[in-house]
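*Asks:* Right, I'll just put the structure down here and ask away after.
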Amino acid sequence: MDALLPRPRAELAPGAVHVPDWLSFAEQRDLVAACRGFAGYRHTRLPNGGVMSVKSVCLGWHWYPYGYSRTTGEGTPVLPFPGWLGDLGRRALADAYGEPADGYEPDIALVNFYDAAAKMGLHQDKDERSLAPVVSFSLGDACVFRFGNTETRGRPYTDVELRSGDVFVFGGPSRLAYHGVPKTLPGTADPALGLTGRLNITLRVSGL
Ligand SMILES: O=C(O)CCC(=O)C(=O)O
Ligand SMILES: [Fe+2]
């Protein structure tokens, strides 16, 4: 069973680090429960007329294509960014980079829910004014995560499988790399997690 083999930490590009199995199962369960408690998951409408297939909710600042606001699309206040999530982000960043991350103060979380059909096209996370690293947590179904280059949506890119409990950090020279989720792998989540589909949480620093 390859699911039981340890997967090594991998630096895909300078500043882009995959830390497999970083969250304990209990932490994964707690995060899933926290995500269940966030109200307001919506499909985001894009200016080009498209609608994103993921359902998202934001903490701290509301992301809209292409900027951040203090109110949601419905005009209601944005859910607060919880202190414990910042602590988790600092721990994850310190482990990914192997150096203290005490100064890392994320104030945005984007929580994305992927059903079996959802995906995310290649994009840059560039609506933040800060170039501090993005810290990503994956829960539930595994996915193919495509991590590319800072110049184009095309090659070269690397596909990595992100599984429940994995952390992925991109900062430094990789902070503005194109990335996306071509597909999830439905049915791969541990049933004991109680999540059908995939959740991804990205922490960011707004610089706002
Ligand atoms: O779901 C993922 O792993 C990536 C999500 C992402 O790129 C984003 O929310 O900007
Ligand atoms: Fe992104």
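All residue names refer to the structure tokens as shown: chains lettered A, B, ... in order, residues numbered from 1 in each chain, ligands numbered from 1 in order.
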Write down as a PDB file with C-alpha atoms, in the first residue's frame the residues belonging to region 12-190 of chain A that are assigned strand (DSSP E) by DSSP computed on the backbone.
*Replies:*
ATOM      1  CA  LEU A  12       9.825  21.871  -6.030  1.00  0.00           C
ATOM      2  CA  ALA A  13      11.486  25.208  -6.708  1.00  0.00           C
ATOM      3  CA  ALA A  16       8.143  26.101  -2.875  1.00  0.00           C
ATOM      4  CA  VAL A  17       8.037  23.282  -0.336  1.00  0.00           C
ATOM      5  CA  HIS A  18       5.717  20.292   0.006  1.00  0.00           C
ATOM      6  CA  VAL A  19       5.532  18.812   3.502  1.00  0.00           C
ATOM      7  CA  ARG A  42     -20.200  30.590  -2.411  1.00  0.00           C
ATOM      8  CA  HIS A  43     -19.178  30.002  -6.010  1.00  0.00           C
ATOM      9  CA  THR A  44     -17.236  33.113  -6.992  1.00  0.00           C
ATOM     10  CA  ARG A  45     -18.295  34.844 -10.188  1.00  0.00           C
ATOM     11  CA  VAL A  51     -18.141  30.894 -12.249  1.00  0.00           C
ATOM     12  CA  MET A  52     -15.548  29.088 -10.156  1.00  0.00           C
ATOM     13  CA  SER A  53     -16.335  25.415  -9.555  1.00  0.00           C
ATOM     14  CA  VAL A  54     -15.021  25.535  -5.977  1.00  0.00           C
ATOM     15  CA  LYS A  55     -17.151  26.985  -3.193  1.00  0.00           C
ATOM     16  CA  SER A  56     -15.216  29.427  -1.064  1.00  0.00           C
ATOM     17  CA  VAL A  57     -15.402  31.404   2.107  1.00  0.00           C
ATOM     18  CA  CYS A  58     -12.865  33.939   3.308  1.00  0.00           C
ATOM     19  CA  LEU A  59     -11.592  34.858   6.747  1.00  0.00           C
ATOM     20  CA  HIS A  62     -12.897  38.898   1.434  1.00  0.00           C
ATOM     21  CA  TRP A  63     -11.261  37.980  -1.848  1.00  0.00           C
ATOM     22  CA  TYR A  64     -13.085  39.009  -4.975  1.00  0.00           C
ATOM     23  CA  GLY A  67      -8.817  42.312  -4.907  1.00  0.00           C
ATOM     24  CA  TYR A  68      -9.735  42.193  -1.224  1.00  0.00           C
ATOM     25  CA  SER A  69     -12.500  43.917   0.705  1.00  0.00           C
ATOM     26  CA  ILE A 108      -6.324  36.188   5.239  1.00  0.00           C
ATOM     27  CA  ALA A 109      -7.566  32.628   4.860  1.00  0.00           C
ATOM     28  CA  LEU A 110      -9.288  31.406   1.710  1.00  0.00           C
ATOM     29  CA  VAL A 111     -11.163  28.195   2.336  1.00  0.00           C
ATOM     30  CA  ASN A 112     -12.031  26.296  -0.840  1.00  0.00           C
ATOM     31  CA  PHE A 113     -14.328  23.286  -1.032  1.00  0.00           C
ATOM     32  CA  TYR A 114     -13.911  20.972  -4.023  1.00  0.00           C
ATOM     33  CA  MET A 120      -8.983  25.398 -10.253  1.00  0.00           C
ATOM     34  CA  GLY A 121      -7.259  26.782 -13.313  1.00  0.00           C
ATOM     35  CA  LEU A 122      -3.686  27.966 -13.246  1.00  0.00           C
ATOM     36  CA  HIS A 123      -3.381  31.384 -11.646  1.00  0.00           C
ATOM     37  CA  VAL A 134       1.309  31.441   1.126  1.00  0.00           C
ATOM     38  CA  VAL A 135       0.756  28.447   3.410  1.00  0.00           C
ATOM     39  CA  SER A 136      -1.701  25.828   2.151  1.00  0.00           C
ATOM     40  CA  PHE A 137      -3.395  23.002   4.073  1.00  0.00           C
ATOM     41  CA  SER A 138      -5.206  20.146   2.306  1.00  0.00           C
ATOM     42  CA  LEU A 139      -7.982  18.014   3.795  1.00  0.00           C
ATOM     43  CA  GLY A 140     -10.113  15.146   2.525  1.00  0.00           C
ATOM     44  CA  ALA A 142      -6.313  14.082  -2.568  1.00  0.00           C
ATOM     45  CA  CYS A 143      -5.770  16.251  -5.626  1.00  0.00           C
ATOM     46  CA  VAL A 144      -3.310  16.870  -8.386  1.00  0.00           C
ATOM     47  CA  PHE A 145      -1.691  20.207  -7.613  1.00  0.00           C
ATOM     48  CA  ARG A 146       0.108  21.801 -10.545  1.00  0.00           C
ATOM     49  CA  PHE A 147       2.956  24.090  -9.587  1.00  0.00           C
ATOM     50  CA  THR A 158       5.386  19.977 -11.771  1.00  0.00           C
ATOM     51  CA  ASP A 159       2.354  17.953 -10.719  1.00  0.00           C
ATOM     52  CA  VAL A 160       2.310  16.835  -7.109  1.00  0.00           C
ATOM     53  CA  GLU A 161      -0.355  14.893  -5.274  1.00  0.00           C
ATOM     54  CA  LEU A 162      -1.601  16.792  -2.245  1.00  0.00           C
ATOM     55  CA  VAL A 167       1.181  21.404   3.777  1.00  0.00           C
ATOM     56  CA  PHE A 168       2.410  23.271   0.741  1.00  0.00           C
ATOM     57  CA  VAL A 169       4.249  26.586   1.085  1.00  0.00           C
ATOM     58  CA  PHE A 170       5.174  28.954  -1.703  1.00  0.00           C
ATOM     59  CA  HIS A 179      -0.461  27.066  -9.748  1.00  0.00           C
ATOM     60  CA  GLY A 180      -3.780  25.260  -9.876  1.00  0.00           C
ATOM     61  CA  VAL A 181      -5.719  22.072  -9.290  1.00  0.00           C
ATOM     62  CA  PRO A 182      -6.424  20.169 -12.558  1.00  0.00           C
ATOM     63  CA  LYS A 183      -8.439  17.547 -10.684  1.00  0.00           C
ATOM     64  CA  THR A 184      -9.209  15.991  -7.333  1.00  0.00           C
ATOM     65  CA  LEU A 185      -9.119  12.239  -6.719  1.00  0.00           C
TER      66      LEU A 185
END
*Asks:* Identify all residues of region 95-196 of chain A in helix (DSSP H, G or I) (DSSP on the backbone) and supply them as a list in words.
*Replies:*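 After running DSSP on the backbone, region 95-196 of chain A has helix (DSSP H, G or I) at Asp95, Ala96, Tyr97, Gly172, Pro173, Ser174, Pro191, Ala192 and Leu193 of chain A.
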*Asks:* Just want the 7 Å neighbourhood of Gly148 (chain A), counted on only C-alpha atoms, with same-chain residues fewer than 5 positions away dropped. Output as a list in words.
*Replies:*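 In the requested form, the answer reads Arg155, Pro156, Tyr157, Thr158, Ala177, Tyr178 and His179 of chain A.
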*Asks:* Since we have the selection now, will you write its residues out, keeping N, CA and C atoms, as a PDB file, in the first residue's frame?
*Replies:*
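What landed in again37.pdb:
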ATOM      1  N   ARG A 155       4.237  25.262 -19.452  1.00  0.00           N
ATOM      2  CA  ARG A 155       5.389  24.561 -18.908  1.00  0.00           C
ATOM      3  C   ARG A 155       6.565  25.518 -18.742  1.00  0.00           C
ATOM      4  N   PRO A 156       7.533  25.232 -17.873  1.00  0.00           N
ATOM      5  CA  PRO A 156       7.570  24.024 -17.062  1.00  0.00           C
ATOM      6  C   PRO A 156       6.673  24.116 -15.825  1.00  0.00           C
ATOM      7  N   TYR A 157       6.065  22.962 -15.520  1.00  0.00           N
ATOM      8  CA  TYR A 157       5.350  22.840 -14.252  1.00  0.00           C
ATOM      9  C   TYR A 157       5.562  21.429 -13.707  1.00  0.00           C
ATOM     10  N   THR A 158       5.263  21.272 -12.429  1.00  0.00           N
ATOM     11  CA  THR A 158       5.386  19.977 -11.771  1.00  0.00           C
ATOM     12  C   THR A 158       4.038  19.639 -11.162  1.00  0.00           C
ATOM     13  N   ALA A 177       4.437  32.209  -8.490  1.00  0.00           N
ATOM     14  CA  ALA A 177       4.360  31.131  -9.483  1.00  0.00           C
ATOM     15  C   ALA A 177       2.899  30.785  -9.785  1.00  0.00           C
ATOM     16  N   TYR A 178       2.640  30.464 -11.031  1.00  0.00           N
ATOM     17  CA  TYR A 178       1.317  29.964 -11.409  1.00  0.00           C
ATOM     18  C   TYR A 178       1.095  28.593 -10.772  1.00  0.00           C
ATOM     19  N   HIS A 179      -0.133  28.351 -10.362  1.00  0.00           N
ATOM     20  CA  HIS A 179      -0.461  27.066  -9.748  1.00  0.00           C
ATOM     21  C   HIS A 179      -1.963  26.832  -9.899  1.00  0.00           C
TER      22      HIS A 179
END
*Asks:* Would you mind listing what lies within 10 Å of Arg70 (chain A) as an NGL selection string, with only C-alpha atoms counted and same-chain residues fewer than 4 positions away left out?
*Replies:* :A and (59-63 or 75-79)
*Asks:* Which is closer to ligand 2 than all the others in A:Gln28, A:Thr152, A:Thr72, A:Asn200, using only C-alpha atoms and all ligand atoms?
*Replies:*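 Ranked by minimum distance to ligand 2, first place goes to A:Asn200.
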*Asks:* Please list as a VMD selection string every residue within 10 Å of Tyr104 (chain A), counting only C-alpha atoms and excluding residues in the same chain fewer than 2 positions away.
*Replies:* chain A and resid 86 to 87 89 to 91 93 to 94 100 to 102 106 to 107 132 to 133 204 to 205
*Asks:* My list of candidates is A:Leu85, A:Ser174, A:Leu131, A:Pro186. Which is closest to Gly207 (chain A) when distances are computed with only C-alpha atoms?
*Replies:*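 Result for the nearest residue to Gly207 (chain A): A:Leu131.
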*Asks:* Do you have the CA of Thr196 (chain A)-CA of Asp141 (chain A) distance handy?
*Replies:* 7.3 Å
*Asks:* Rounded to one decimal place, report the atom 8 (C, counted along the ligand's line) of ligand 1-CA of Leu46 (chain A) distance in Å.
*Replies:* 14.1 Å
*Asks:* Quick one: distance from atom 8 (C, counted along the ligand's line) of ligand 1 to CA of Asp125 (chain A) in Å, one decimal?
*Replies:*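 Answer for the atom 8 (C, counted along the ligand's line) of ligand 1 to CA of Asp125 (chain A) separation: 7.0 Å.
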*Asks:* Report as a VMD selection string all protein, DNA and RNA residues lying within 9 Å of Lys126 (chain A), evaluated on only C-alpha atoms, omitting residues in the same chain fewer than 2 positions from it.
*Replies:* chain A and resid 66 to 67 123 to 124 128 to 131 175 to 176
*Asks:* Could you take the residues named above and write them with N, CA and C atoms, as a short mmCIF file (atom, residue, chain, number, x, y, z; two decimals), in the first residue's frame?
*Replies:*
data_model
loop_
_atom_site.label_atom_id
_atom_site.label_comp_id
_atom_site.auth_asym_id
_atom_site.auth_seq_id
_atom_site.Cartn_x
_atom_site.Cartn_y
_atom_site.Cartn_z
N TYR A 66 -10.62 41.03 -8.76
CA TYR A 66 -9.30 40.65 -8.29
C TYR A 66 -8.83 41.68 -7.26
N GLY A 67 -9.22 41.44 -6.01
CA GLY A 67 -8.82 42.31 -4.91
C GLY A 67 -9.37 41.78 -3.59
N HIS A 123 -3.29 29.96 -11.97
CA HIS A 123 -3.38 31.38 -11.65
C HIS A 123 -2.22 31.74 -10.73
N GLN A 124 -2.01 33.03 -10.57
CA GLN A 124 -1.07 33.53 -9.55
C GLN A 124 -1.88 34.09 -8.40
N GLU A 128 -2.62 40.14 -3.16
CA GLU A 128 -2.10 40.60 -1.87
C GLU A 128 -1.04 41.66 -2.14
N ARG A 129 -0.91 42.58 -1.20
CA ARG A 129 0.13 43.60 -1.36
C ARG A 129 1.45 43.13 -0.75
N SER A 130 1.40 42.06 0.03
CA SER A 130 2.59 41.50 0.64
C SER A 130 3.06 40.29 -0.15
N LEU A 131 4.37 40.10 -0.19
CA LEU A 131 4.92 38.92 -0.86
C LEU A 131 5.34 37.86 0.16
N ARG A 175 6.87 32.85 -4.93
CA ARG A 175 5.62 33.40 -4.40
C ARG A 175 4.60 33.69 -5.50
N LEU A 176 5.08 34.12 -6.67
CA LEU A 176 4.14 34.48 -7.73
C LEU A 176 4.09 33.43 -8.84
#
*Asks:* Counting only C-alpha atoms and all ligand atoms, which of A:Pro191, A:Pro65, A:Gly37, A:Pro82 gets nearest to ligand 1?
*Replies:*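 For ligand 1, the nearest of the candidates is A:Pro65.
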*Asks:* Pick the closest to Pro173 (chain A) from A:Gly73, A:Gly83, A:Gly15, A:Gly40: which is it, counting only C-alpha atoms?
*Replies:* A:Gly15
